[in-house]
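Undergrad: Enclosed is the structure file upload02.cif (mmCIF, C-alpha atoms).
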data_data
#
loop_
_atom_site.label_atom_id
_atom_site.label_comp_id
_atom_site.auth_asym_id
_atom_site.auth_seq_id
_atom_site.Cartn_x
_atom_site.Cartn_y
_atom_site.Cartn_z
CA MET A 22 -25.17 13.28 -17.05
CA ALA A 23 -24.03 16.82 -17.75
CA PHE A 24 -21.26 16.18 -15.24
CA ALA A 25 -20.08 13.10 -17.06
CA VAL A 26 -20.15 14.73 -20.47
CA PHE A 27 -18.85 18.25 -19.89
CA GLN A 28 -16.66 17.56 -16.84
CA PRO A 29 -16.97 21.05 -15.36
CA ILE A 30 -14.72 20.00 -12.50
CA GLN A 31 -11.85 17.59 -12.81
CA VAL A 32 -10.40 15.67 -9.90
CA LEU A 33 -7.70 13.10 -9.39
CA PRO A 34 -9.13 9.66 -8.63
CA ARG A 35 -8.90 8.13 -5.17
CA VAL A 36 -7.02 5.08 -6.34
CA SER A 37 -6.63 3.23 -3.06
CA LEU A 38 -5.25 3.58 0.44
CA SER A 39 -1.49 3.75 0.61
CA PRO A 40 0.12 0.98 2.64
CA GLY A 41 1.43 1.37 6.16
CA PHE A 42 5.15 0.93 6.64
CA ALA A 43 8.05 1.52 9.02
CA PHE A 44 11.42 1.72 7.30
CA THR A 45 14.88 3.08 8.08
CA ASP A 46 16.10 6.18 6.27
CA GLN A 47 19.56 7.26 5.11
CA ASN A 48 20.34 8.65 8.59
CA GLY A 49 19.41 5.39 10.27
CA GLU A 50 16.19 6.91 11.57
CA ARG A 51 12.75 5.36 11.45
CA LEU A 52 10.24 6.66 8.94
CA THR A 53 6.62 5.50 9.00
CA ASN A 54 3.64 6.34 6.85
CA GLU A 55 2.12 8.04 9.91
CA ASP A 56 4.98 10.57 9.92
CA LEU A 57 3.77 11.61 6.47
CA ARG A 58 0.10 12.17 7.30
CA GLY A 59 -1.18 15.59 6.35
CA LYS A 60 1.49 16.00 3.71
CA PHE A 61 1.68 15.42 -0.01
CA VAL A 62 4.13 12.62 -0.57
CA PHE A 63 5.86 11.57 -3.79
CA TYR A 64 7.07 7.98 -3.72
CA ASN A 65 9.38 6.20 -6.10
CA PHE A 66 11.06 2.82 -5.96
CA THR A 67 14.57 1.94 -7.04
CA TYR A 68 17.90 0.59 -5.82
CA THR A 69 21.24 2.35 -5.70
CA GLY A 70 22.87 -0.19 -8.00
CA CYS A 71 20.60 1.03 -10.79
CA GLN A 72 22.75 2.45 -13.56
CA GLU A 73 21.60 3.96 -16.81
CA PRO A 74 21.22 2.95 -19.59
CA SER A 75 20.45 -0.71 -18.80
CA CYS A 76 18.38 0.27 -15.76
CA PRO A 77 15.85 3.12 -15.89
CA ASP A 78 16.69 4.98 -12.68
CA PRO A 79 13.77 7.16 -11.56
CA GLY A 80 16.03 9.15 -9.20
CA PRO A 81 16.79 12.08 -11.56
CA GLY A 82 13.08 12.31 -12.37
CA MET A 83 12.30 12.67 -8.68
CA ARG A 84 15.00 15.33 -8.34
CA ALA A 85 13.38 17.24 -11.22
CA ILE A 86 10.02 17.05 -9.40
CA GLN A 87 11.65 18.25 -6.19
CA GLU A 88 13.03 21.30 -8.03
CA LYS A 89 9.67 21.90 -9.69
CA MET A 90 7.75 21.69 -6.41
CA VAL A 91 9.68 24.68 -5.05
CA ASP A 92 7.70 26.84 -7.48
CA ILE A 93 4.33 25.17 -6.92
CA ASP A 94 2.17 26.66 -4.20
CA THR A 95 0.68 24.00 -1.92
CA GLY A 96 -0.52 26.44 0.74
CA ASP A 97 0.52 25.35 4.22
CA ILE A 98 0.73 21.67 3.26
CA PRO A 99 4.27 20.35 3.23
CA VAL A 100 5.52 18.18 0.40
CA GLU A 101 7.80 15.24 1.09
CA PHE A 102 9.64 12.80 -1.12
CA VAL A 103 10.29 9.17 -0.34
CA THR A 104 12.52 6.84 -2.31
CA ILE A 105 12.12 3.24 -1.24
CA SER A 106 14.98 0.91 -2.09
CA PHE A 107 14.06 -2.73 -2.65
CA ASP A 108 17.64 -3.91 -2.24
CA PRO A 109 18.18 -3.84 1.55
CA GLU A 110 21.02 -6.33 1.21
CA HIS A 111 23.26 -3.73 -0.45
CA ASP A 112 21.58 -0.41 0.29
CA THR A 113 22.92 0.50 3.69
CA PRO A 114 22.23 3.99 5.06
CA GLU A 115 25.69 5.04 3.77
CA LYS A 116 24.90 3.79 0.28
CA LEU A 117 21.58 5.61 0.34
CA LYS A 118 23.30 8.80 1.49
CA ALA A 119 25.83 8.54 -1.33
CA TYR A 120 22.96 7.97 -3.77
CA ALA A 121 21.20 11.09 -2.46
CA GLU A 122 24.38 13.10 -2.97
CA ARG A 123 24.82 11.74 -6.45
CA LEU A 124 21.34 12.95 -7.34
CA GLY A 125 21.95 16.32 -5.71
CA ALA A 126 18.86 15.76 -3.59
CA ASP A 127 17.70 18.20 -0.94
CA THR A 128 17.47 15.73 1.93
CA SER A 129 15.53 18.08 4.20
CA ASP A 130 12.29 16.72 2.73
CA TRP A 131 13.51 13.70 0.77
CA HIS A 132 13.85 10.38 2.58
CA PHE A 133 15.73 7.38 1.20
CA VAL A 134 14.47 4.34 3.02
CA THR A 135 14.65 0.58 3.00
CA GLY A 136 13.80 -2.30 5.32
CA ASP A 137 12.97 -5.94 5.66
CA PRO A 138 12.66 -7.74 2.26
CA THR A 139 9.27 -9.33 3.04
CA ARG A 140 7.84 -6.01 4.22
CA LEU A 141 9.26 -4.28 1.16
CA LYS A 142 7.53 -6.78 -1.10
CA ASN A 143 4.24 -6.25 0.69
CA VAL A 144 4.51 -2.46 0.68
CA ILE A 145 5.85 -1.87 -2.84
CA GLY A 146 4.26 -4.85 -4.58
CA GLY A 147 1.13 -5.21 -2.49
CA GLY A 148 0.40 -1.66 -1.37
CA PHE A 149 1.71 0.41 -4.25
CA SER A 150 1.10 -2.33 -6.88
CA THR A 151 4.54 -1.81 -8.34
CA TYR A 152 6.34 -4.81 -9.74
CA TYR A 153 9.97 -5.57 -9.00
CA ASN A 154 11.94 -8.77 -9.05
CA GLN A 155 15.53 -9.72 -8.36
CA LYS A 156 17.29 -11.49 -11.19
CA ASP A 157 19.83 -14.25 -10.69
CA ASP A 158 22.76 -11.86 -11.14
CA GLY A 159 21.56 -9.70 -8.24
CA THR A 160 20.24 -6.84 -10.37
CA PHE A 161 16.59 -5.95 -10.34
CA THR A 162 13.98 -5.66 -13.00
CA PHE A 163 11.21 -3.22 -12.11
CA ASP A 164 8.64 -0.80 -13.45
CA PRO A 165 9.80 2.75 -12.70
CA THR A 166 6.82 4.28 -10.96
CA PHE A 167 5.98 7.54 -9.21
CA VAL A 168 3.08 7.70 -6.78
CA ILE A 169 1.42 10.79 -5.30
CA VAL A 170 -0.23 10.24 -1.92
CA ASP A 171 -2.38 12.94 -0.35
CA GLY A 172 -2.63 14.04 3.28
CA TRP A 173 -5.20 11.37 4.10
CA GLY A 174 -2.87 8.64 2.91
CA ILE A 175 -4.80 8.00 -0.30
CA ILE A 176 -2.99 7.21 -3.53
CA ARG A 177 -4.15 9.83 -6.02
CA THR A 178 -2.11 9.17 -9.13
CA LYS A 179 0.73 7.11 -10.54
CA TYR A 180 3.20 7.82 -13.30
CA LYS A 181 4.55 4.63 -14.79
CA THR A 182 7.70 6.11 -16.26
CA ALA A 183 11.24 6.91 -15.18
CA HIS A 184 10.91 10.49 -16.45
CA PRO A 185 7.55 11.98 -15.50
CA ASP A 186 6.25 14.97 -17.43
CA LEU A 187 6.67 17.98 -15.13
CA ASP A 188 3.72 19.76 -16.74
CA ILE A 189 1.48 16.86 -15.78
CA VAL A 190 2.88 16.90 -12.24
CA GLU A 191 2.08 20.61 -12.03
CA ARG A 192 -1.44 20.06 -13.40
CA ASP A 193 -2.11 17.21 -10.95
CA MET A 194 -0.87 19.18 -7.95
CA GLY A 195 -3.09 22.04 -9.13
CA LEU A 196 -6.10 19.72 -9.24
CA LEU A 197 -5.34 18.41 -5.75
CA MET A 198 -5.03 21.93 -4.34
CA GLN A 199 -8.19 23.05 -6.10
CA GLU A 200 -10.12 20.17 -4.56
CA LEU A 201 -8.67 20.90 -1.11
CA ASN A 202 -9.54 24.59 -1.34
CA ASN A 203 -13.11 23.70 -2.26
CA SER A 204 -13.70 21.05 0.35
CA GLU A 205 -16.49 22.81 2.23
CA GLY A 206 -20.19 23.40 1.72
CA ALA A 207 -21.81 23.22 -1.70
CA SER A 208 -18.54 23.05 -3.63
CA ARG A 209 -17.68 19.93 -1.63
CA ILE A 210 -20.77 18.24 -3.09
CA ALA A 211 -19.78 19.35 -6.58
CA TYR A 212 -16.33 17.84 -6.16
CA GLU A 213 -17.78 14.62 -4.78
CA ALA A 214 -20.04 14.53 -7.85
CA ALA A 215 -16.94 14.88 -10.00
CA HIS A 216 -15.55 11.79 -8.27
CA LEU A 217 -18.83 9.96 -8.72
CA PHE A 218 -18.95 10.68 -12.44
CA LEU A 219 -15.27 9.88 -12.93
CA CYS A 220 -14.29 13.38 -14.10
CA TYR A 221 -10.65 12.47 -14.30
CA PRO A 222 -8.05 14.14 -16.48
CA ASP A 223 -6.77 12.10 -19.43
CA MET B 21 -63.47 12.37 4.20
CA SER B 22 -61.35 10.21 1.99
CA GLU B 23 -62.37 12.17 -1.09
CA GLN B 24 -60.83 15.31 0.34
CA THR B 25 -57.59 13.95 1.70
CA ASN B 26 -56.69 11.50 -1.01
CA PRO B 27 -55.88 13.89 -3.85
CA ILE B 28 -53.50 15.83 -1.66
CA GLU B 29 -51.77 12.81 -0.24
CA ASP B 30 -51.43 11.01 -3.48
CA PRO B 31 -49.62 13.00 -6.18
CA VAL B 32 -50.13 10.22 -8.67
CA VAL B 33 -53.86 10.62 -8.51
CA GLU B 34 -53.60 14.37 -8.86
CA GLU B 35 -51.41 14.10 -11.91
CA ALA B 36 -53.70 11.64 -13.56
CA GLN B 37 -56.52 14.06 -13.03
CA ASP B 38 -54.69 16.87 -14.78
CA GLN B 39 -54.25 14.79 -17.83
CA SER B 40 -57.81 13.62 -18.02
CA ALA B 41 -60.48 16.02 -19.13
CA PRO B 42 -61.03 18.69 -16.50
CA VAL B 43 -64.11 17.98 -14.48
CA GLU B 44 -66.52 20.83 -14.00
CA GLY B 45 -67.07 21.93 -10.47
CA GLY B 46 -63.75 20.85 -9.01
CA LEU B 47 -63.05 17.40 -7.71
CA SER B 48 -65.75 14.92 -8.24
CA GLU B 49 -65.99 11.34 -7.30
CA ASP B 50 -65.76 10.34 -10.98
CA ALA B 51 -62.21 11.65 -11.26
CA HIS B 52 -61.17 9.23 -8.57
CA LEU B 53 -62.70 6.27 -10.16
CA HIS B 54 -60.34 6.58 -13.15
CA ILE B 55 -57.44 5.42 -11.02
CA ASP B 56 -58.01 1.87 -10.05
CA LYS B 57 -56.98 0.91 -6.56
CA TYR B 58 -54.47 -1.67 -7.81
CA GLU B 59 -53.20 0.65 -10.52
CA SER B 60 -52.34 3.32 -8.00
CA MET B 61 -50.79 0.69 -5.76
CA TRP B 62 -48.53 -0.53 -8.56
CA LEU B 63 -47.64 3.03 -9.51
CA LYS B 64 -46.54 3.65 -5.95
CA ILE B 65 -44.51 0.45 -5.93
CA ALA B 66 -42.83 1.49 -9.17
CA PHE B 67 -41.85 4.84 -7.69
CA ILE B 68 -40.60 3.18 -4.50
CA ILE B 69 -38.48 0.76 -6.54
CA MET B 70 -36.98 3.68 -8.48
CA GLY B 71 -36.23 5.41 -5.20
CA VAL B 72 -34.54 2.30 -3.80
CA PHE B 73 -32.42 1.92 -6.93
CA PHE B 74 -31.40 5.56 -6.83
CA LEU B 75 -30.48 5.26 -3.15
CA SER B 76 -28.50 2.10 -3.75
CA VAL B 77 -26.50 3.84 -6.48
CA ILE B 78 -25.73 6.69 -4.08
CA VAL B 79 -24.81 4.33 -1.23
CA SER B 80 -22.73 1.98 -3.36
CA SER B 81 -20.67 4.77 -4.88
CA PHE B 82 -20.23 7.03 -1.87
CA ALA B 83 -20.37 4.68 1.11
CA ILE B 84 -19.04 1.43 -0.35
CA GLY B 85 -16.91 3.06 -3.03
CA ILE B 86 -17.94 0.90 -5.98
CA GLN B 87 -17.15 2.59 -9.27
CA LEU B 88 -17.68 1.64 -12.85
CA PRO B 89 -14.66 0.31 -14.68
CA GLY B 90 -13.39 3.20 -16.72
CA ALA B 91 -10.57 3.92 -19.08
CA TYR B 92 -7.55 3.17 -16.94
CA ALA B 93 -4.97 4.43 -19.38
CA ARG B 94 -4.54 5.18 -23.03
CA ILE B 95 -1.95 3.58 -25.26
CA ASP B 96 -1.04 4.05 -28.89
CA PRO B 97 -1.95 0.71 -30.51
CA THR B 98 1.05 0.94 -32.85
CA THR B 99 3.42 0.99 -29.86
CA VAL B 100 1.89 -1.99 -28.08
CA ASN B 101 4.72 -4.29 -29.20
CA ASP B 102 7.56 -1.81 -28.67
CA PRO B 103 10.22 -2.82 -26.17
CA GLY B 104 9.47 -1.27 -22.80
CA SER B 105 5.75 -1.50 -23.28
CA PRO B 106 4.18 -3.77 -20.66
CA PHE B 107 2.28 -5.47 -23.49
CA ALA B 108 5.40 -6.39 -25.47
CA GLU B 109 5.88 -9.45 -23.27
CA PRO B 110 2.49 -9.86 -21.66
CA GLY B 111 1.95 -12.35 -18.91
CA LEU B 112 1.43 -12.90 -15.23
CA ARG B 113 3.60 -11.19 -12.63
CA GLU B 114 3.60 -11.61 -8.88
CA LEU B 115 3.42 -8.25 -7.12
CA ALA B 116 3.36 -9.65 -3.60
CA PRO B 117 2.33 -12.98 -2.09
CA GLY B 118 -1.21 -13.67 -3.28
CA LYS B 119 -1.33 -10.52 -5.40
CA TYR B 120 -0.74 -10.68 -9.11
CA GLU B 121 -1.08 -8.57 -12.20
CA ALA B 122 -1.73 -10.04 -15.60
CA TYR B 123 -1.13 -8.22 -18.86
CA TYR B 124 -3.05 -9.48 -21.87
CA ARG B 125 -2.62 -8.48 -25.48
CA ALA B 126 -5.57 -9.21 -27.70
CA GLN B 127 -5.18 -9.53 -31.46
CA ILE B 128 -6.97 -11.36 -34.22
CA TRP B 129 -7.63 -14.07 -33.16
CA GLN B 130 -5.86 -14.82 -29.95
CA PHE B 131 -5.03 -13.63 -26.49
CA THR B 132 -1.42 -13.54 -25.31
CA PRO B 133 -0.63 -15.30 -22.97
CA ARG B 134 -2.64 -18.37 -23.92
CA GLU B 135 -2.68 -19.76 -20.39
CA ILE B 136 -1.66 -18.74 -16.92
CA HIS B 137 -1.56 -20.54 -13.59
CA VAL B 138 -2.45 -18.80 -10.36
CA PRO B 139 -2.73 -20.22 -6.85
CA LEU B 140 -6.06 -20.46 -5.12
CA GLY B 141 -7.10 -17.20 -3.48
CA ALA B 142 -4.96 -15.03 -5.74
CA GLU B 143 -6.09 -11.48 -6.40
CA VAL B 144 -5.31 -10.73 -10.02
CA SER B 145 -5.47 -7.32 -11.68
CA PHE B 146 -6.05 -7.70 -15.39
CA TYR B 147 -4.72 -5.14 -17.85
CA VAL B 148 -5.93 -5.76 -21.37
CA THR B 149 -5.43 -3.93 -24.61
CA SER B 150 -5.91 -4.67 -28.28
CA GLN B 151 -3.40 -4.13 -31.02
CA ASP B 152 -5.89 -4.21 -33.88
CA VAL B 153 -9.67 -4.29 -33.65
CA MET B 154 -12.16 -4.28 -30.82
CA HIS B 155 -12.26 -7.48 -28.80
CA GLY B 156 -14.05 -8.71 -25.72
CA PHE B 157 -12.58 -10.09 -22.53
CA LYS B 158 -14.88 -12.24 -20.47
CA ILE B 159 -13.76 -14.77 -17.90
CA SER B 160 -16.32 -17.49 -17.48
CA ASP B 161 -17.91 -17.90 -14.03
CA THR B 162 -16.61 -14.53 -12.83
CA ASN B 163 -17.66 -10.91 -12.96
CA VAL B 164 -14.76 -10.05 -15.24
CA ASN B 165 -16.28 -8.76 -18.45
CA VAL B 166 -14.80 -5.81 -20.35
CA MET B 167 -14.49 -4.56 -23.85
CA VAL B 168 -10.98 -4.44 -25.23
CA ILE B 169 -10.62 -1.31 -27.28
CA PRO B 170 -7.54 -0.45 -29.34
CA GLY B 171 -5.87 2.61 -27.82
CA GLN B 172 -7.20 1.94 -24.36
CA VAL B 173 -6.12 -0.25 -21.46
CA SER B 174 -9.05 -1.92 -19.75
CA THR B 175 -8.57 -3.06 -16.22
CA LEU B 176 -10.46 -5.19 -13.72
CA LYS B 177 -9.58 -7.04 -10.56
CA HIS B 178 -10.72 -10.48 -9.54
CA THR B 179 -10.00 -12.83 -6.65
CA PHE B 180 -10.04 -16.49 -7.63
CA ASP B 181 -11.40 -18.41 -4.67
CA LYS B 182 -12.55 -21.54 -6.50
CA PRO B 183 -10.02 -23.91 -8.05
CA GLY B 184 -10.37 -25.11 -11.60
CA GLU B 185 -10.11 -23.98 -15.15
CA TYR B 186 -11.48 -20.63 -16.25
CA LYS B 187 -11.87 -19.70 -19.88
CA ILE B 188 -11.27 -16.23 -21.21
CA ILE B 189 -13.60 -15.66 -24.11
CA CYS B 190 -13.66 -12.96 -26.73
CA HIS B 191 -17.29 -11.94 -26.74
CA GLU B 192 -17.09 -9.06 -29.15
CA TYR B 193 -17.25 -10.13 -32.80
CA CYS B 194 -13.79 -9.54 -34.25
CA GLY B 195 -13.66 -11.42 -37.54
CA GLN B 196 -13.78 -14.81 -39.18
CA LEU B 197 -12.09 -16.84 -36.46
CA HIS B 198 -13.68 -14.92 -33.60
CA HIS B 199 -15.15 -18.11 -32.20
CA THR B 200 -11.69 -19.66 -31.79
CA MET B 201 -10.35 -16.78 -29.73
CA TYR B 202 -9.89 -17.83 -26.13
CA ALA B 203 -7.33 -18.29 -23.37
CA GLN B 204 -7.24 -20.21 -20.13
CA ILE B 205 -6.62 -19.50 -16.48
CA PHE B 206 -5.85 -22.41 -14.20
CA VAL B 207 -6.48 -21.82 -10.53
CA ASP B 208 -4.36 -24.38 -8.74
CA GLU B 209 -5.09 -25.72 -5.31
CA PRO B 210 -1.99 -25.64 -3.15
CA THR B 211 -0.30 -29.02 -3.22
CA GLU B 212 1.09 -30.36 0.02
CA GLU B 213 4.59 -29.69 -1.20
CA VAL B 214 3.91 -26.02 -1.82
CA ALA B 215 1.93 -25.64 1.37
CA SER B 216 4.72 -27.08 3.50
CA GLY B 217 7.30 -25.09 1.53
CA ALA B 218 5.49 -21.87 2.32
CA GLN B 219 5.74 -22.58 6.02
CA ASN B 220 9.48 -23.12 5.96
#
Have the structure of the file written as structure tokens, please.

TA:
Amino acid sequence: MAFAVFQPIQVLPRVSLSPGFAFTDQNGERLTNEDLRGKFVFYNFTYTGCQEPSCPDPGPGMRAIQEKMVDIDTGDIPVEFVTISFDPEHDTPEKLKAYAERLGADTSDWHFVTGDPTRLKNVIGGGFSTYYNQKDDGTFTFDPTFVIVDGWGIIRTKYKTAHPDLDIVERDMGLLMQELNNSEGASRIAYEAAHLFLCYPD
Amino acid sequence: MSEQTNPIEDPVVEEAQDQSAPVEGGLSEDAHLHIDKYESMWLKIAFIIMGVFFLSVIVSSFAIGIQLPGAYARIDPTTVNDPGSPFAEPGLRELAPGKYEAYYRAQIWQFTPREIHVPLGAEVSFYVTSQDVMHGFKISDTNVNVMVIPGQVSTLKHTFDKPGEYKIICHEYCGQLHHTMYAQIFVDEPTEEVASGAQN
């Protein structure tokens, strides 16, 4: 009870398992969810034809997170970024590369991927529960969404906005690191109790 | 023999003794007679039941991962109808084949949308919020039953594996026409046309 009321420890919820996938990145190479095990991964979903202001492109928001993450200490755990395009018809590797350049992305840890339309629907819609739909004119309507997946492949939080608040990103990464650093012995039990009593940040 | 071992083995008996008037000269046979055989049996059963319940809570939350529905997200009730808010044009959306999400806006005295159609076997995540007062959101014949609180998005998931009509009922008194506040979900069996279309 005291745990539920005072929330001495806060944790990020274990939302659900992230989906498995095998897509092709901007260099024509294969990227699977298994390649990203043991790493923190930020996902977002868009298509390169997305132009402000009619379309809320989450790309610049991801770039801002990538810049922010340089300053955030995640110990020896690498951080990767994955942008999944749901428009494989138009988004060839070249297009994705041009999109990455337009954003000024550091592509050493940021992958721009796409793949088979049915798989995309199952991964983005089914696995990440993010809605997108192609309109008759070929453009897409979608909910700009950012997802943080931890090293075990568990979805830990989602930001349903095109421009996530960097302070909240920093806080959430801090919570994840805190939980990781206390994952042994008695503190492990305390953190599990925090999960049990839903001690989640607002 | 039994007089000596029983008080140690049975904490219930010992406790009962402490509360009764202390008996001179230590344990006497009289102290035992205060606890009836059946009474002590039922006390034990009660403690065992409590233990089983406690264990099942631990197992269901840690091993099976069942958690109570909590506040999924907060929302300013005055912005519920703003463009860009998912509740401005609430309704059913298909995330992936067989997986749907449904946004519901509750207000006095109706739910929006009034009716939705989902195919048999669909897993639907419900997101519900209120733009005025507290409402209820109960889908008949299912486990879906949440309070709809202004400022908060309530969420629950349900898989519809029986065809037919389901009624969403407001079961939290919300004013004069509270009893008229309902919506419908139709779970459609796949027609032959759709079934063959899916295979193509």

Undergrad: Starting from the shown file, work through the PyMOL selection byres ((chain A) within 12 of (chain B)) and note down what comes out as a ChimeraX atom specification.

TA: /A:25,34-37,75-77,138-154,162-165,178-183,210,213-223

Undergrad: Using Å and a single decimal, report how far atom CA of Val32 of chain A sits from atom CA of Thr99 of chain B.

TA: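 Pair atom CA of Thr99 of chain B / atom CA of Val32 of chain A returns 28.4 Å.
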
Undergrad: Between atom CA of Gly172 of chain A and atom CA of Lys177 of chain B, what is the distance, to one decimal in Å?

TA: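 Atom-to-atom, atom CA of Gly172 of chain A to atom CA of Lys177 of chain B, that is 26.2 Å.
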
Undergrad: What does the structure give for the distance between atom CA of Thr211 of chain B and atom CA of Thr162 of chain B, in Å to one decimal?

TA: 23.8 Å

Undergrad: For the PyMOL selection byres ((chain B and resi 136) around 8), applied here, can you spell out every residue it catches as a list in words?

TA: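 So the PyMOL selection byres ((chain B and resi 136) around 8) ends up selecting Gly111, Leu112, Pro133, Arg134, Glu135, His137, Val138, Gln204, Ile205 and Phe206 of chain B.
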
Undergrad: Give me the residues within 8 Å of Gln127 of chain B as a PyMOL selection string, counting only C-alpha atoms and dropping any in the same chain fewer than 2 places off.

TA: chain B and resi 125+129-131+150-153+155

Undergrad: Taking the file above as input, evaluate the PyMOL selection byres ((chain B and resi 182) around 8) and report the hits as a list in words.

TA: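 For this structure, the PyMOL selection byres ((chain B and resi 182) around 8) resolves to Leu140, Gly141, Phe180, Asp181, Pro183, Gly184 and Val207 of chain B.
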
Undergrad: Residues near Thr67 of chain A, anyone? I mean within 8 Å using all atoms listed in the file, not counting same-chain ones fewer than 6 positions away, as a list in words.

TA: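 My reading of the contact set: Asp78, Pro79, Gly80, Thr104, Ile105, Ser106, Phe107, Phe163 and Pro165 of chain A.
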
Undergrad: Write out as a list of chain:residue names the residues lying within 10 Å of Ile189 of chain B, counting all atoms listed in the file and excluding same-chain residues fewer than 2 positions away.

TA: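 Answer for this query is B:Gln130, B:Phe131, B:His155, B:Gly156, B:Phe157, B:Lys158, B:Ile159, B:Ser160, B:Asn165, B:Tyr186, B:Lys187, B:His191, B:Glu192, B:His198, B:His199, B:Thr200, B:Met201, B:Tyr202, B:Ala203, B:Gln204.
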
Undergrad: Enclose segment 194-199 of chain A, meaning all of its atoms listed in the file, in a box aligned along x, y and z, pad it by 8 Å on each side, and list the centre and edge lengths in Å to one decimal, as AutoDock Vina command-line options.

TA:
--center_x -4.5 --center_y 20.7 --center_z -6.8 --size_x 23.3 --size_y 20.6 --size_z 20.9

Undergrad: Give me the residues within 12 Å of Phe133 of chain A as an mmCIF file with C-alpha atoms, in the coordinates of the input, counting only C-alpha atoms and dropping any in the same chain fewer than 3 places off.

TA:
data_model
loop_
_atom_site.group_PDB
_atom_site.id
_atom_site.type_symbol
_atom_site.label_atom_id
_atom_site.label_comp_id
_atom_site.auth_asym_id
_atom_site.auth_seq_id
_atom_site.Cartn_x
_atom_site.Cartn_y
_atom_site.Cartn_z
ATOM 1 C CA PHE A 44 11.420 1.720 7.300
ATOM 2 C CA THR A 45 14.880 3.080 8.080
ATOM 3 C CA ASP A 46 16.100 6.180 6.270
ATOM 4 C CA GLN A 47 19.560 7.260 5.110
ATOM 5 C CA ASN A 48 20.340 8.650 8.590
ATOM 6 C CA GLY A 49 19.410 5.390 10.270
ATOM 7 C CA GLU A 50 16.190 6.910 11.570
ATOM 8 C CA ARG A 51 12.750 5.360 11.450
ATOM 9 C CA LEU A 52 10.240 6.660 8.940
ATOM 10 C CA PHE A 63 5.860 11.570 -3.790
ATOM 11 C CA TYR A 64 7.070 7.980 -3.720
ATOM 12 C CA ASN A 65 9.380 6.200 -6.100
ATOM 13 C CA PHE A 66 11.060 2.820 -5.960
ATOM 14 C CA THR A 67 14.570 1.940 -7.040
ATOM 15 C CA TYR A 68 17.900 0.590 -5.820
ATOM 16 C CA THR A 69 21.240 2.350 -5.700
ATOM 17 C CA GLY A 80 16.030 9.150 -9.200
ATOM 18 C CA MET A 83 12.300 12.670 -8.680
ATOM 19 C CA GLU A 101 7.800 15.240 1.090
ATOM 20 C CA PHE A 102 9.640 12.800 -1.120
ATOM 21 C CA VAL A 103 10.290 9.170 -0.340
ATOM 22 C CA THR A 104 12.520 6.840 -2.310
ATOM 23 C CA ILE A 105 12.120 3.240 -1.240
ATOM 24 C CA SER A 106 14.980 0.910 -2.090
ATOM 25 C CA PHE A 107 14.060 -2.730 -2.650
ATOM 26 C CA ASP A 108 17.640 -3.910 -2.240
ATOM 27 C CA PRO A 109 18.180 -3.840 1.550
ATOM 28 C CA ASP A 112 21.580 -0.410 0.290
ATOM 29 C CA THR A 113 22.920 0.500 3.690
ATOM 30 C CA PRO A 114 22.230 3.990 5.060
ATOM 31 C CA GLU A 115 25.690 5.040 3.770
ATOM 32 C CA LYS A 116 24.900 3.790 0.280
ATOM 33 C CA LEU A 117 21.580 5.610 0.340
ATOM 34 C CA LYS A 118 23.300 8.800 1.490
ATOM 35 C CA ALA A 119 25.830 8.540 -1.330
ATOM 36 C CA TYR A 120 22.960 7.970 -3.770
ATOM 37 C CA ALA A 121 21.200 11.090 -2.460
ATOM 38 C CA GLU A 122 24.380 13.100 -2.970
ATOM 39 C CA LEU A 124 21.340 12.950 -7.340
ATOM 40 C CA ALA A 126 18.860 15.760 -3.590
ATOM 41 C CA ASP A 127 17.700 18.200 -0.940
ATOM 42 C CA THR A 128 17.470 15.730 1.930
ATOM 43 C CA SER A 129 15.530 18.080 4.200
ATOM 44 C CA ASP A 130 12.290 16.720 2.730
ATOM 45 C CA GLY A 136 13.800 -2.300 5.320
#

Undergrad: Please provide as a VMD selection string all residues within 12 Å of Val62 of chain A, with the sequence filter that same-chain residues fewer than 5 positions apart are discarded (counting all atoms listed in the file).

TA: chain A and resid 39 54 to 57 83 86 to 87 90 95 98 to 104 130 to 132 167 to 179 194
